[in-house]
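*Asks:* If it helps, the file is called coords_38.tsv and holds TSV, C-alpha atoms (C1' of nucleotides):
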chain	number	residue	atom	x	y	z
Z	277	MET	CA	-13.85	-28.15	-11.60
Z	278	THR	CA	-14.62	-25.87	-8.67
Z	279	ALA	CA	-17.12	-23.90	-10.67
Z	280	LYS	CA	-18.08	-22.00	-7.56
Z	281	HIS	CA	-15.14	-19.70	-8.07
Z	282	MET	CA	-16.64	-18.61	-11.37
Z	283	LYS	CA	-20.10	-17.57	-10.19
Z	284	ASP	CA	-20.08	-13.93	-10.94
Z	285	PRO	CA	-22.81	-12.80	-8.57
Z	286	LEU	CA	-20.25	-13.64	-5.91
Z	287	VAL	CA	-18.20	-10.57	-6.49
Z	288	CYS	CA	-16.31	-9.44	-3.44
Z	289	ASN	CA	-17.28	-6.05	-2.07
Z	290	GLY	CA	-13.77	-5.60	-0.81
Z	291	ALA	CA	-12.20	-6.38	-4.16
Z	292	ALA	CA	-14.59	-4.03	-5.94
Z	293	LEU	CA	-13.73	-1.24	-3.52
Z	294	ARG	CA	-10.03	-1.85	-4.00
Z	295	LYS	CA	-10.33	-1.75	-7.77
Z	296	ALA	CA	-12.28	1.47	-7.74
Z	297	THR	CA	-9.86	2.99	-5.28
Z	298	ARG	CA	-6.86	2.05	-7.39
Z	299	ARG	CA	-8.46	3.55	-10.47
Z	300	ILE	CA	-9.58	6.79	-8.86
Z	301	THR	CA	-6.30	7.20	-7.01
Z	302	GLN	CA	-4.51	6.87	-10.33
Z	303	LEU	CA	-6.78	9.38	-12.08
Z	304	TYR	CA	-6.71	11.94	-9.30
Z	305	ASP	CA	-2.97	11.56	-8.75
Z	306	THR	CA	-2.31	12.36	-12.38
Z	307	VAL	CA	-4.31	15.57	-12.09
Z	308	LEU	CA	-2.66	16.48	-8.78
Z	309	ALA	CA	0.84	15.68	-10.01
Z	310	PRO	CA	1.79	19.29	-10.87
Z	311	CYS	CA	1.65	20.24	-7.19
Z	312	GLY	CA	3.64	17.23	-6.04
Z	313	LEU	CA	0.99	15.86	-3.70
Z	314	SER	CA	-0.82	12.55	-4.06
Z	315	VAL	CA	-4.50	12.15	-3.19
Z	316	SER	CA	-3.38	10.34	-0.10
Z	317	GLN	CA	-1.01	13.07	1.00
Z	318	ARG	CA	-3.46	15.85	0.27
Z	319	SER	CA	-6.04	13.99	2.26
Z	320	VAL	CA	-3.75	13.97	5.28
Z	321	LEU	CA	-3.17	17.71	5.01
Z	322	VAL	CA	-6.90	18.36	4.58
Z	323	HIS	CA	-7.74	16.34	7.64
Z	324	ILE	CA	-5.14	18.17	9.69
Z	325	ALA	CA	-6.47	21.51	8.47
Z	326	ARG	CA	-10.00	20.49	9.38
Z	327	ALA	CA	-9.03	19.30	12.85
Z	328	GLY	CA	-6.68	22.17	13.66
Z	329	GLU	CA	-4.03	20.46	15.72
Z	330	PRO	CA	-5.10	16.86	16.31
Z	331	THR	CA	-3.20	14.18	18.14
Z	332	MET	CA	-1.98	11.20	16.16
Z	333	THR	CA	-4.81	9.07	17.44
Z	334	GLU	CA	-7.48	11.65	16.63
Z	335	LEU	CA	-6.10	12.16	13.16
Z	336	ALA	CA	-5.80	8.45	12.51
Z	337	GLN	CA	-9.35	7.92	13.67
Z	338	SER	CA	-10.72	10.68	11.46
Z	339	MET	CA	-8.94	9.12	8.51
Z	340	VAL	CA	-9.97	5.55	9.31
Z	341	LEU	CA	-6.29	4.78	9.28
Z	342	ASP	CA	-4.08	2.68	11.49
Z	343	ARG	CA	-2.02	4.80	13.88
Z	344	SER	CA	1.26	3.33	12.76
Z	345	ALA	CA	0.29	3.79	9.13
Z	346	LEU	CA	-0.39	7.44	9.85
Z	347	ALA	CA	2.99	7.81	11.52
Z	348	HIS	CA	4.62	6.42	8.39
Z	349	ASN	CA	2.55	8.59	6.07
Z	350	LEU	CA	3.58	11.69	7.98
Z	351	LYS	CA	7.28	11.15	7.41
Z	352	PRO	CA	7.43	12.37	3.82
Z	353	LEU	CA	5.21	15.31	4.75
Z	354	GLN	CA	7.48	16.23	7.66
Z	355	ARG	CA	10.56	15.83	5.50
Z	356	ASP	CA	9.06	18.19	2.93
Z	357	GLY	CA	8.16	20.68	5.64
Z	358	TYR	CA	4.38	20.56	5.28
Z	359	VAL	CA	3.63	19.39	8.80
Z	360	VAL	CA	5.24	19.42	12.20
Z	361	VAL	CA	4.75	17.00	15.06
Z	362	ARG	CA	5.45	17.90	18.66
Z	363	ARG	CA	4.71	16.57	22.09
Z	364	ASP	CA	1.49	17.58	23.74
Z	365	GLU	CA	2.25	19.80	26.71
Z	366	ALA	CA	-0.50	18.32	28.85
Z	367	ASP	CA	0.13	14.66	28.02
Z	368	GLY	CA	3.68	13.67	27.30
Z	369	ARG	CA	2.54	10.53	25.51
Z	370	SER	CA	0.53	12.34	22.86
Z	371	ARG	CA	1.90	14.14	19.83
Z	372	ARG	CA	0.06	16.90	18.08
Z	373	VAL	CA	0.25	17.39	14.35
Z	374	ALA	CA	-0.03	20.80	12.72
Z	375	LEU	CA	0.31	22.30	9.27
Z	376	THR	CA	3.22	24.60	8.62
Z	377	GLU	CA	2.80	27.76	6.61
Z	378	LEU	CA	4.34	25.86	3.71
Z	379	GLY	CA	1.80	23.12	4.24
Z	380	ARG	CA	-1.07	25.58	4.03
Z	381	GLU	CA	0.37	27.08	0.88
Z	382	LYS	CA	0.75	23.65	-0.67
Z	383	LEU	CA	-2.85	22.89	0.19
Z	384	ASP	CA	-3.94	26.11	-1.49
Z	385	GLU	CA	-1.86	25.21	-4.50
Z	386	ALA	CA	-3.47	21.78	-4.66
Z	387	LEU	CA	-7.02	23.04	-4.29
Z	388	PRO	CA	-7.74	24.02	-7.91
Z	389	LEU	CA	-6.10	20.83	-9.18
Z	390	TRP	CA	-8.16	18.72	-6.83
Z	391	ARG	CA	-11.29	20.69	-7.75
Z	392	SER	CA	-10.57	19.95	-11.37
Z	393	ALA	CA	-10.26	16.22	-10.74
Z	394	GLN	CA	-13.39	16.22	-8.63
Z	395	ASP	CA	-15.27	18.11	-11.36
Z	396	ARG	CA	-14.18	15.66	-14.00
Z	397	PHE	CA	-15.33	12.80	-11.85
Z	398	GLU	CA	-18.70	14.37	-11.27
Z	399	ALA	CA	-19.12	15.36	-14.90
Z	400	ILE	CA	-18.94	11.67	-15.78
Z	401	TYR	CA	-20.54	10.04	-12.80
Z	402	GLY	CA	-23.01	12.77	-11.95
Z	403	VAL	CA	-22.93	15.33	-9.17
Z	404	ASP	CA	-25.88	13.87	-7.32
Z	405	ARG	CA	-24.74	10.31	-7.73
Z	406	ALA	CA	-21.30	11.30	-6.46
Z	407	ALA	CA	-22.78	12.88	-3.36
Z	408	GLU	CA	-24.87	9.76	-2.88
Z	409	LEU	CA	-21.79	7.57	-3.28
Z	410	ARG	CA	-19.82	9.56	-0.72
Z	411	LEU	CA	-22.74	9.16	1.68
Z	412	ALA	CA	-22.80	5.42	1.11
Z	413	LEU	CA	-19.05	5.20	1.61
Z	414	ALA	CA	-19.26	7.30	4.76
Z	415	GLU	CA	-21.82	4.87	6.10
Z	416	ILE	CA	-19.53	1.98	5.28
Z	417	PHE	CA	-16.43	3.42	6.92
Z	418	SER	CA	-18.35	4.67	9.95
Z	419	ASP	CA	-17.52	3.23	13.35
Z	420	ASP	CA	-21.12	2.10	13.69
Z	421	PHE	CA	-20.77	-0.06	10.62
Z	422	ALA	CA	-17.58	-1.65	11.91
Z	423	ALA	CA	-19.21	-2.24	15.28
Z	424	ALA	CA	-22.24	-3.88	13.68
Z	425	PHE	CA	-19.97	-6.00	11.50
Z	426	THR	CA	-17.87	-7.12	14.42
Z	427	ARG	CA	-20.78	-7.75	16.79
Z	428	PRO	CA	-23.46	-9.29	14.59
Z	429	GLY	CA	-25.88	-9.32	17.50
Z	430	ALA	CA	-25.98	-5.57	18.07
Z	431	ARG	CA	-28.91	-3.46	16.87
Z	432	SER	CA	-28.65	0.24	16.11
F	210	MET	CA	-7.86	31.30	7.85
F	211	THR	CA	-8.31	29.34	4.62
F	212	ALA	CA	-11.84	28.42	5.45
F	213	LYS	CA	-12.19	26.73	2.12
F	214	HIS	CA	-10.44	23.68	3.48
F	215	MET	CA	-13.22	23.29	6.00
F	216	LYS	CA	-16.19	23.29	3.63
F	217	ASP	CA	-17.53	19.84	4.12
F	218	PRO	CA	-19.43	19.49	0.87
F	219	LEU	CA	-15.98	19.40	-0.67
F	220	VAL	CA	-15.28	15.87	0.40
F	221	CYS	CA	-12.86	14.08	-1.87
F	222	ASN	CA	-14.27	11.08	-3.70
F	223	GLY	CA	-10.83	9.52	-3.68
F	224	ALA	CA	-10.38	9.98	0.04
F	225	ALA	CA	-13.83	8.55	0.75
F	226	LEU	CA	-13.05	5.51	-1.37
F	227	ARG	CA	-9.75	5.00	0.40
F	228	LYS	CA	-11.35	5.20	3.82
F	229	ALA	CA	-14.05	2.72	2.93
F	230	THR	CA	-11.49	0.41	1.38
F	231	ARG	CA	-9.28	0.53	4.45
F	232	ARG	CA	-12.21	-0.26	6.70
F	233	ILE	CA	-13.63	-3.09	4.61
F	234	THR	CA	-10.20	-4.57	4.01
F	235	GLN	CA	-9.66	-4.60	7.75
F	236	LEU	CA	-13.03	-6.23	8.47
F	237	TYR	CA	-12.77	-8.84	5.74
F	238	ASP	CA	-9.14	-9.62	6.56
F	239	THR	CA	-10.05	-10.38	10.14
F	240	VAL	CA	-12.69	-12.84	9.00
F	241	LEU	CA	-10.36	-14.39	6.43
F	242	ALA	CA	-7.43	-14.60	8.84
F	243	PRO	CA	-7.94	-18.27	9.78
F	244	CYS	CA	-7.09	-19.34	6.23
F	245	GLY	CA	-4.03	-17.12	6.01
F	246	LEU	CA	-5.16	-15.17	2.97
F	247	SER	CA	-5.91	-11.46	2.87
F	248	VAL	CA	-8.75	-10.02	0.79
F	249	SER	CA	-6.13	-8.79	-1.61
F	250	GLN	CA	-4.48	-12.18	-1.98
F	251	ARG	CA	-7.73	-14.06	-2.28
F	252	SER	CA	-8.78	-11.62	-4.95
F	253	VAL	CA	-5.69	-12.46	-6.98
F	254	LEU	CA	-6.39	-16.18	-6.72
F	255	VAL	CA	-10.04	-15.65	-7.64
F	256	HIS	CA	-9.11	-13.65	-10.70
F	257	ILE	CA	-6.66	-16.29	-11.82
F	258	ALA	CA	-9.27	-19.01	-11.30
F	259	ARG	CA	-11.77	-17.03	-13.32
F	260	ALA	CA	-9.36	-16.39	-16.17
F	261	GLY	CA	-7.85	-19.87	-16.26
F	262	GLU	CA	-4.28	-19.15	-17.20
F	263	PRO	CA	-3.93	-15.45	-17.93
F	264	THR	CA	-0.81	-13.57	-18.86
F	265	MET	CA	0.49	-10.97	-16.43
F	266	THR	CA	-0.95	-8.18	-18.52
F	267	GLU	CA	-4.37	-9.79	-18.80
F	268	LEU	CA	-4.50	-10.49	-15.09
F	269	ALA	CA	-3.34	-7.01	-14.18
F	270	GLN	CA	-5.95	-5.50	-16.47
F	271	SER	CA	-8.75	-7.58	-15.01
F	272	MET	CA	-7.72	-6.47	-11.55
F	273	VAL	CA	-7.29	-2.80	-12.47
F	274	LEU	CA	-3.79	-3.17	-11.13
F	275	ASP	CA	-0.42	-1.98	-12.33
F	276	ARG	CA	1.58	-4.79	-13.90
F	277	SER	CA	4.56	-4.26	-11.67
F	278	ALA	CA	2.29	-4.22	-8.64
F	279	LEU	CA	0.86	-7.52	-9.76
F	280	ALA	CA	4.34	-8.96	-10.14
F	281	HIS	CA	5.08	-7.92	-6.56
F	282	ASN	CA	1.79	-9.29	-5.26
F	283	LEU	CA	2.44	-12.65	-6.85
F	284	LYS	CA	5.69	-13.21	-4.99
F	285	PRO	CA	4.21	-14.20	-1.63
F	286	LEU	CA	1.69	-16.40	-3.44
F	287	GLN	CA	4.44	-18.12	-5.41
F	288	ARG	CA	6.55	-18.53	-2.30
F	289	ASP	CA	3.61	-20.18	-0.53
F	290	GLY	CA	3.00	-22.43	-3.50
F	291	TYR	CA	-0.45	-21.18	-4.49
F	292	VAL	CA	0.45	-20.03	-7.98
F	293	VAL	CA	3.07	-20.75	-10.62
F	294	VAL	CA	4.34	-18.47	-13.35
F	295	ARG	CA	5.91	-19.75	-16.51
F	296	ARG	CA	6.86	-18.50	-19.92
F	297	ASP	CA	4.27	-18.61	-22.62
F	298	GLU	CA	5.29	-21.16	-25.27
F	299	ALA	CA	4.03	-19.09	-28.14
F	300	ASP	CA	5.42	-15.73	-27.02
F	301	GLY	CA	8.62	-15.82	-25.03
F	302	ARG	CA	7.98	-12.40	-23.60
F	303	SER	CA	4.70	-13.32	-21.93
F	304	ARG	CA	4.32	-15.17	-18.66
F	305	ARG	CA	1.25	-17.15	-17.79
F	306	VAL	CA	-0.02	-17.44	-14.25
F	307	ALA	CA	-1.85	-20.51	-12.99
F	308	LEU	CA	-3.19	-21.83	-9.72
F	309	THR	CA	-1.51	-24.87	-8.25
F	310	GLU	CA	-3.53	-27.64	-6.66
F	311	LEU	CA	-2.60	-26.12	-3.32
F	312	GLY	CA	-3.87	-22.77	-4.55
F	313	ARG	CA	-7.21	-24.26	-5.49
F	314	GLU	CA	-7.46	-25.93	-2.11
F	315	LYS	CA	-6.65	-22.69	-0.35
F	316	LEU	CA	-9.32	-20.94	-2.37
F	317	ASP	CA	-11.84	-23.59	-1.34
F	318	GLU	CA	-10.76	-23.17	2.25
F	319	ALA	CA	-11.22	-19.42	2.02
F	320	LEU	CA	-14.62	-19.57	0.37
F	321	PRO	CA	-16.81	-20.09	3.46
F	322	LEU	CA	-14.85	-17.47	5.38
F	323	TRP	CA	-15.24	-14.98	2.58
F	324	ARG	CA	-18.93	-15.85	2.24
F	325	SER	CA	-19.30	-15.17	5.93
F	326	ALA	CA	-17.69	-11.74	5.64
F	327	GLN	CA	-19.76	-10.94	2.58
F	328	ASP	CA	-22.94	-12.01	4.39
F	329	ARG	CA	-22.14	-9.86	7.38
F	330	PHE	CA	-21.57	-6.91	5.11
F	331	GLU	CA	-24.83	-7.43	3.32
F	332	ALA	CA	-26.77	-8.04	6.51
F	333	ILE	CA	-25.80	-4.53	7.60
F	334	TYR	CA	-25.70	-2.66	4.34
F	335	GLY	CA	-28.43	-4.58	2.55
F	336	VAL	CA	-28.16	-7.20	-0.16
F	337	ASP	CA	-29.71	-5.02	-2.84
F	338	ARG	CA	-27.77	-1.94	-1.86
F	339	ALA	CA	-24.56	-4.00	-1.91
F	340	ALA	CA	-25.29	-5.23	-5.43
F	341	GLU	CA	-26.03	-1.66	-6.43
F	342	LEU	CA	-22.79	-0.47	-4.87
F	343	ARG	CA	-20.74	-3.11	-6.70
F	344	LEU	CA	-22.38	-2.00	-9.92
F	345	ALA	CA	-21.51	1.63	-9.22
F	346	LEU	CA	-17.93	0.69	-8.37
F	347	ALA	CA	-17.66	-1.43	-11.51
F	348	GLU	CA	-18.75	1.58	-13.52
F	349	ILE	CA	-16.12	3.69	-11.81
F	350	PHE	CA	-13.23	1.29	-12.34
F	351	SER	CA	-14.25	0.52	-15.92
F	352	ASP	CA	-11.92	1.46	-18.73
F	353	ASP	CA	-14.67	3.60	-20.24
F	354	PHE	CA	-14.76	5.72	-17.12
F	355	ALA	CA	-11.02	6.22	-17.14
F	356	ALA	CA	-11.10	7.07	-20.83
F	357	ALA	CA	-13.86	9.64	-20.29
F	358	PHE	CA	-11.95	11.10	-17.34
F	359	THR	CA	-8.75	11.38	-19.29
F	360	ARG	CA	-10.30	12.74	-22.47
F	361	PRO	CA	-13.03	15.11	-21.26
F	362	GLY	CA	-14.12	15.74	-24.84
F	363	ALA	CA	-15.03	12.17	-25.72
F	364	ARG	CA	-18.66	11.04	-25.81
F	365	SER	CA	-19.76	7.45	-25.31
G	146	DC	C1'	18.71	-11.66	-42.95
G	147	DG	C1'	19.74	-7.53	-39.90
G	148	DC	C1'	18.17	-3.62	-37.49
G	149	DA	C1'	14.84	-0.28	-35.38
G	150	DT	C1'	10.65	-0.27	-33.02
G	151	DT	C1'	7.28	-2.20	-30.21
G	152	DT	C1'	5.72	-5.09	-26.61
G	153	DG	C1'	5.75	-7.83	-22.07
G	154	DC	C1'	8.09	-8.24	-17.79
G	155	DG	C1'	10.98	-7.65	-13.78
G	156	DT	C1'	13.66	-4.60	-10.58
G	157	DG	C1'	14.64	-0.73	-7.73
G	158	DC	C1'	12.84	2.93	-5.33
G	159	DA	C1'	9.26	5.44	-2.76
G	160	DT	C1'	4.93	5.65	-0.56
G	161	DA	C1'	0.79	3.27	1.64
G	162	DT	C1'	-1.03	0.16	5.00
G	163	DG	C1'	-1.34	-2.78	9.05
G	164	DC	C1'	0.30	-6.02	12.85
G	165	DC	C1'	3.08	-6.76	16.76
G	166	DA	C1'	6.57	-5.69	20.07
G	167	DA	C1'	9.03	-2.23	22.62
G	168	DT	C1'	9.15	2.27	24.86
G	169	DA	C1'	7.48	6.18	27.27
G	170	DT	C1'	4.02	8.24	29.97
G	171	DC	C1'	0.00	8.78	32.68
G	172	DA	C1'	-3.39	7.50	36.23
G	173	DG	C1'	-4.85	5.05	40.15
G	174	DT	C1'	-3.52	2.29	44.34
G	175	DC	C1'	-1.52	1.29	48.74
Q	51	DG	C1'	6.44	7.60	46.45
Q	52	DA	C1'	6.99	2.94	44.19
Q	53	DC	C1'	3.90	-0.47	41.79
Q	54	DT	C1'	0.38	-1.77	38.38
Q	55	DG	C1'	-2.34	-1.28	34.53
Q	56	DA	C1'	-3.87	1.52	30.73
Q	57	DT	C1'	-2.69	4.65	26.90
Q	58	DA	C1'	0.12	7.06	22.96
Q	59	DT	C1'	3.63	6.48	19.90
Q	60	DT	C1'	7.47	4.50	17.43
Q	61	DG	C1'	10.12	0.89	15.01
Q	62	DG	C1'	10.54	-3.50	12.61
Q	63	DC	C1'	8.60	-6.50	9.36
Q	64	DA	C1'	5.55	-7.82	5.54
Q	65	DT	C1'	2.45	-6.79	1.94
Q	66	DA	C1'	0.27	-3.39	-1.46
Q	67	DT	C1'	0.78	-0.04	-5.07
Q	68	DG	C1'	2.77	2.57	-8.82
Q	69	DC	C1'	6.56	4.88	-11.64
Q	70	DA	C1'	10.86	4.87	-14.17
Q	71	DC	C1'	14.11	2.17	-16.19
Q	72	DG	C1'	16.33	-1.72	-18.18
Q	73	DC	C1'	16.10	-6.40	-20.50
Q	74	DA	C1'	14.45	-9.81	-23.54
Q	75	DA	C1'	11.72	-11.22	-27.19
Q	76	DA	C1'	8.68	-10.43	-31.14
Q	77	DT	C1'	7.52	-7.70	-35.19
Q	78	DG	C1'	7.97	-4.79	-39.17
Q	79	DC	C1'	10.89	-3.15	-42.87
Q	80	DG	C1'	14.35	-2.77	-46.41
Could you write out this structure as structure tokens?

*Replies:*
Amino acid sequence: MTAKHMKDPLVCNGAALRKATRRITQLYDTVLAPCGLSVSQRSVLVHIARAGEPTMTELAQSMVLDRSALAHNLKPLQRDGYVVVRRDEADGRSRRVALTELGREKLDEALPLWRSAQDRFEAIYGVDRAAELRLALAEIFSDDFAAAFTRPGARS
Amino acid sequence: MTAKHMKDPLVCNGAALRKATRRITQLYDTVLAPCGLSVSQRSVLVHIARAGEPTMTELAQSMVLDRSALAHNLKPLQRDGYVVVRRDEADGRSRRVALTELGREKLDEALPLWRSAQDRFEAIYGVDRAAELRLALAEIFSDDFAAAFTRPGARS
DNA sequence: CGCATTTGCGTGCATATGCCAATATCAGTC
DNA sequence: GACTGATATTGGCATATGCACGCAAATGCG
């Protein structure tokens, strides 16, 4: 009876990614818990810090995140005073996101916790393998990959 | 000004996983759209099909998913008539999940679409590399990995 | 048997994520 | 300078995910 659903070589790449993400999110979140940030939230703050004062679209793009999802994710961070959003002076449509002083402090507070989680991960999985994995993932979430996936005809 | 947040070698494994997952979910979902299932939903059905008639706990464990999250995820699938949940006869506390005939049909309908998405992925990323990646992810979401992460002292 | 503990689930709440529609704004045209 | 089309964001709706808590049922013990 529909044995094709059982063939294990047919494991979904998407499902595997989701499982790994759930697990790692859980593990990292537990380590980060003392500072009150989740991996997801810290990631938003890190990306803002890296970009300086990005617009919503820029930030969403750098995070490979839907714009509306980003808007939602920012709400708790605004409420807690870690980020501020204001209109761009040049373009009234755009909003620019910036860290507050409190946000920077929270990021500093989270750093050693995150470092600890990252170290634990790499102690088990291997530092080199982890770097390799991040590279592979970066390739997968790159715009080029999405473009190639969407337009099967295109060549790099 | 807090230049440590800029050091790019310090890229979070968790954030990289999340980005890749968001991207792949998006790409696969678009391909799966015609059948009305998301990658996430198809994954639930596939896991049920594989397990036969698992309890909530068994299913959640196999999916590396929180039990309450699984309960939530099942609701749309129950509503649409793809799965049924009923009490276990032997243990009144347990519930067993099973595919309906409609669920099996939907899974069959989704198969070629999923295969297409999987093929596109592997055409770009490479069949062997994809298999390797799934293996790496399986290692990461394994219970052994979580145990080693949680108890840094333990040795395999 | 009766009770304390353990186990399996569901619910409520909060965040995460994405789609679509509506709104506001900008840029180019006549 | 009003009109048209493109762009940036928000809000509403639905699903995904996990934690804390409460409920029901099974299990162990005297």

*Asks:* May I ask which of the residues F:Arg338, F:Lys315, F:Arg231, F:Arg329 is the closest one to chain Q, counting all atoms listed in the file?

*Replies:* F:Arg231

*Asks:* For chain F, which residues have at least one atom within 8 Å of chain Z, if we go by only C-alpha atoms? Write them as a PDB file with C-alpha atoms, in the frame of the given file, please.

*Replies:*
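Now in out-v8.pdb:
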ATOM      1  CA  HIS F 214     -10.440  23.680   3.480  1.00  0.00           C
ATOM      2  CA  MET F 215     -13.220  23.290   6.000  1.00  0.00           C
ATOM      3  CA  VAL F 220     -15.280  15.870   0.400  1.00  0.00           C
ATOM      4  CA  CYS F 221     -12.860  14.080  -1.870  1.00  0.00           C
ATOM      5  CA  ASN F 222     -14.270  11.080  -3.700  1.00  0.00           C
ATOM      6  CA  GLY F 223     -10.830   9.520  -3.680  1.00  0.00           C
ATOM      7  CA  ALA F 224     -10.380   9.980   0.040  1.00  0.00           C
ATOM      8  CA  ALA F 225     -13.830   8.550   0.750  1.00  0.00           C
ATOM      9  CA  LEU F 226     -13.050   5.510  -1.370  1.00  0.00           C
ATOM     10  CA  ARG F 227      -9.750   5.000   0.400  1.00  0.00           C
ATOM     11  CA  LYS F 228     -11.350   5.200   3.820  1.00  0.00           C
ATOM     12  CA  ALA F 229     -14.050   2.720   2.930  1.00  0.00           C
ATOM     13  CA  THR F 230     -11.490   0.410   1.380  1.00  0.00           C
ATOM     14  CA  ARG F 231      -9.280   0.530   4.450  1.00  0.00           C
ATOM     15  CA  ARG F 232     -12.210  -0.260   6.700  1.00  0.00           C
ATOM     16  CA  ILE F 233     -13.630  -3.090   4.610  1.00  0.00           C
ATOM     17  CA  THR F 234     -10.200  -4.570   4.010  1.00  0.00           C
ATOM     18  CA  LEU F 236     -13.030  -6.230   8.470  1.00  0.00           C
ATOM     19  CA  TYR F 237     -12.770  -8.840   5.740  1.00  0.00           C
ATOM     20  CA  VAL F 248      -8.750 -10.020   0.790  1.00  0.00           C
ATOM     21  CA  SER F 249      -6.130  -8.790  -1.610  1.00  0.00           C
ATOM     22  CA  SER F 252      -8.780 -11.620  -4.950  1.00  0.00           C
ATOM     23  CA  VAL F 255     -10.040 -15.650  -7.640  1.00  0.00           C
ATOM     24  CA  ALA F 258      -9.270 -19.010 -11.300  1.00  0.00           C
ATOM     25  CA  ARG F 259     -11.770 -17.030 -13.320  1.00  0.00           C
ATOM     26  CA  MET F 272      -7.720  -6.470 -11.550  1.00  0.00           C
ATOM     27  CA  VAL F 273      -7.290  -2.800 -12.470  1.00  0.00           C
ATOM     28  CA  LEU F 274      -3.790  -3.170 -11.130  1.00  0.00           C
ATOM     29  CA  GLN F 327     -19.760 -10.940   2.580  1.00  0.00           C
ATOM     30  CA  ARG F 329     -22.140  -9.860   7.380  1.00  0.00           C
ATOM     31  CA  PHE F 330     -21.570  -6.910   5.110  1.00  0.00           C
ATOM     32  CA  ILE F 333     -25.800  -4.530   7.600  1.00  0.00           C
ATOM     33  CA  TYR F 334     -25.700  -2.660   4.340  1.00  0.00           C
ATOM     34  CA  ALA F 339     -24.560  -4.000  -1.910  1.00  0.00           C
ATOM     35  CA  ARG F 343     -20.740  -3.110  -6.700  1.00  0.00           C
ATOM     36  CA  LEU F 346     -17.930   0.690  -8.370  1.00  0.00           C
ATOM     37  CA  ALA F 347     -17.660  -1.430 -11.510  1.00  0.00           C
ATOM     38  CA  ILE F 349     -16.120   3.690 -11.810  1.00  0.00           C
ATOM     39  CA  PHE F 350     -13.230   1.290 -12.340  1.00  0.00           C
ATOM     40  CA  PHE F 354     -14.760   5.720 -17.120  1.00  0.00           C
ATOM     41  CA  ALA F 355     -11.020   6.220 -17.140  1.00  0.00           C
ATOM     42  CA  ALA F 357     -13.860   9.640 -20.290  1.00  0.00           C
ATOM     43  CA  PHE F 358     -11.950  11.100 -17.340  1.00  0.00           C
ATOM     44  CA  THR F 359      -8.750  11.380 -19.290  1.00  0.00           C
ATOM     45  CA  PRO F 361     -13.030  15.110 -21.260  1.00  0.00           C
TER      46      PRO F 361
END

*Asks:* Do you know which residues are at most 12 Å from Q:DG80 counting all atoms listed in the file, after dropping those on the same chain fewer than 6 positions away, and could you put them as a ChimeraX atom specification?

*Replies:* /G:146-149

*Asks:* Restrict the selected residues to C-alpha atoms (C1' of nucleotides) and save them as a PDB file, in the coordinates of the input.

*Replies:*
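Result file follows (again07.pdb):
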ATOM      1  C1'  DC G 146      18.710 -11.660 -42.950  1.00  0.00           C
ATOM      2  C1'  DG G 147      19.740  -7.530 -39.900  1.00  0.00           C
ATOM      3  C1'  DC G 148      18.170  -3.620 -37.490  1.00  0.00           C
ATOM      4  C1'  DA G 149      14.840  -0.280 -35.380  1.00  0.00           C
TER       5       DA G 149
END

*Asks:* Within 10 Å of chain Z, which residues of chain Q show up when using only C-alpha atoms (C1' of nucleotides), listed as a list of chain:residue names?

*Replies:*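 Selected residues: Q:DT57, Q:DA58, Q:DT59, Q:DT60, Q:DG61, Q:DT67, Q:DG68.
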
*Asks:* Could you tell me how far atom CA of F:Asp337 lies from atom CA of Z:Val403, in Å and to one decimal?

*Replies:*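 A separation of 22.4 Å between them.
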
*Asks:* Go ahead and find all residues with at least one atom no further than 12 Å from (17.5, -5.2, -21.7) in the file's coordinates, using all atoms listed in the file; report them as a PyMOL selection string.

*Replies:* (chain G and resi 154-156) or (chain Q and resi 71-75)

*Asks:* I'd like the interatomic distance between atom CA of Z:Arg372 and atom CA of Z:Tyr358, to a tenth of an Å.

*Replies:* 14.0 Å

*Asks:* Once you count all atoms listed in the file, which residues of chain G turn out to be within 8 Å of chain Z? Could you give them as a list in words?

*Replies:*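 The answer, sorted by residue number, is DT160, DA161, DT162, DG163, DA169, DT170 and DC171 of chain G.
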
*Asks:* Go ahead and save the residues from that selection, with C-alpha atoms (C1' of nucleotides), as a PDB file, in the frame of the given file.

*Replies:*
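Done, and the output landed in out.pdb:
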ATOM      1  C1'  DT G 160       4.930   5.650  -0.560  1.00  0.00           C
ATOM      2  C1'  DA G 161       0.790   3.270   1.640  1.00  0.00           C
ATOM      3  C1'  DT G 162      -1.030   0.160   5.000  1.00  0.00           C
ATOM      4  C1'  DG G 163      -1.340  -2.780   9.050  1.00  0.00           C
ATOM      5  C1'  DA G 169       7.480   6.180  27.270  1.00  0.00           C
ATOM      6  C1'  DT G 170       4.020   8.240  29.970  1.00  0.00           C
ATOM      7  C1'  DC G 171       0.000   8.780  32.680  1.00  0.00           C
TER       8       DC G 171
END

*Asks:* How many Å lie between atom CA of F:Pro243 and atom CA of F:Gln270, rounded to one decimal?

*Replies:*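 According to the coordinates, atom CA of F:Pro243 and atom CA of F:Gln270 are separated by 29.3 Å.
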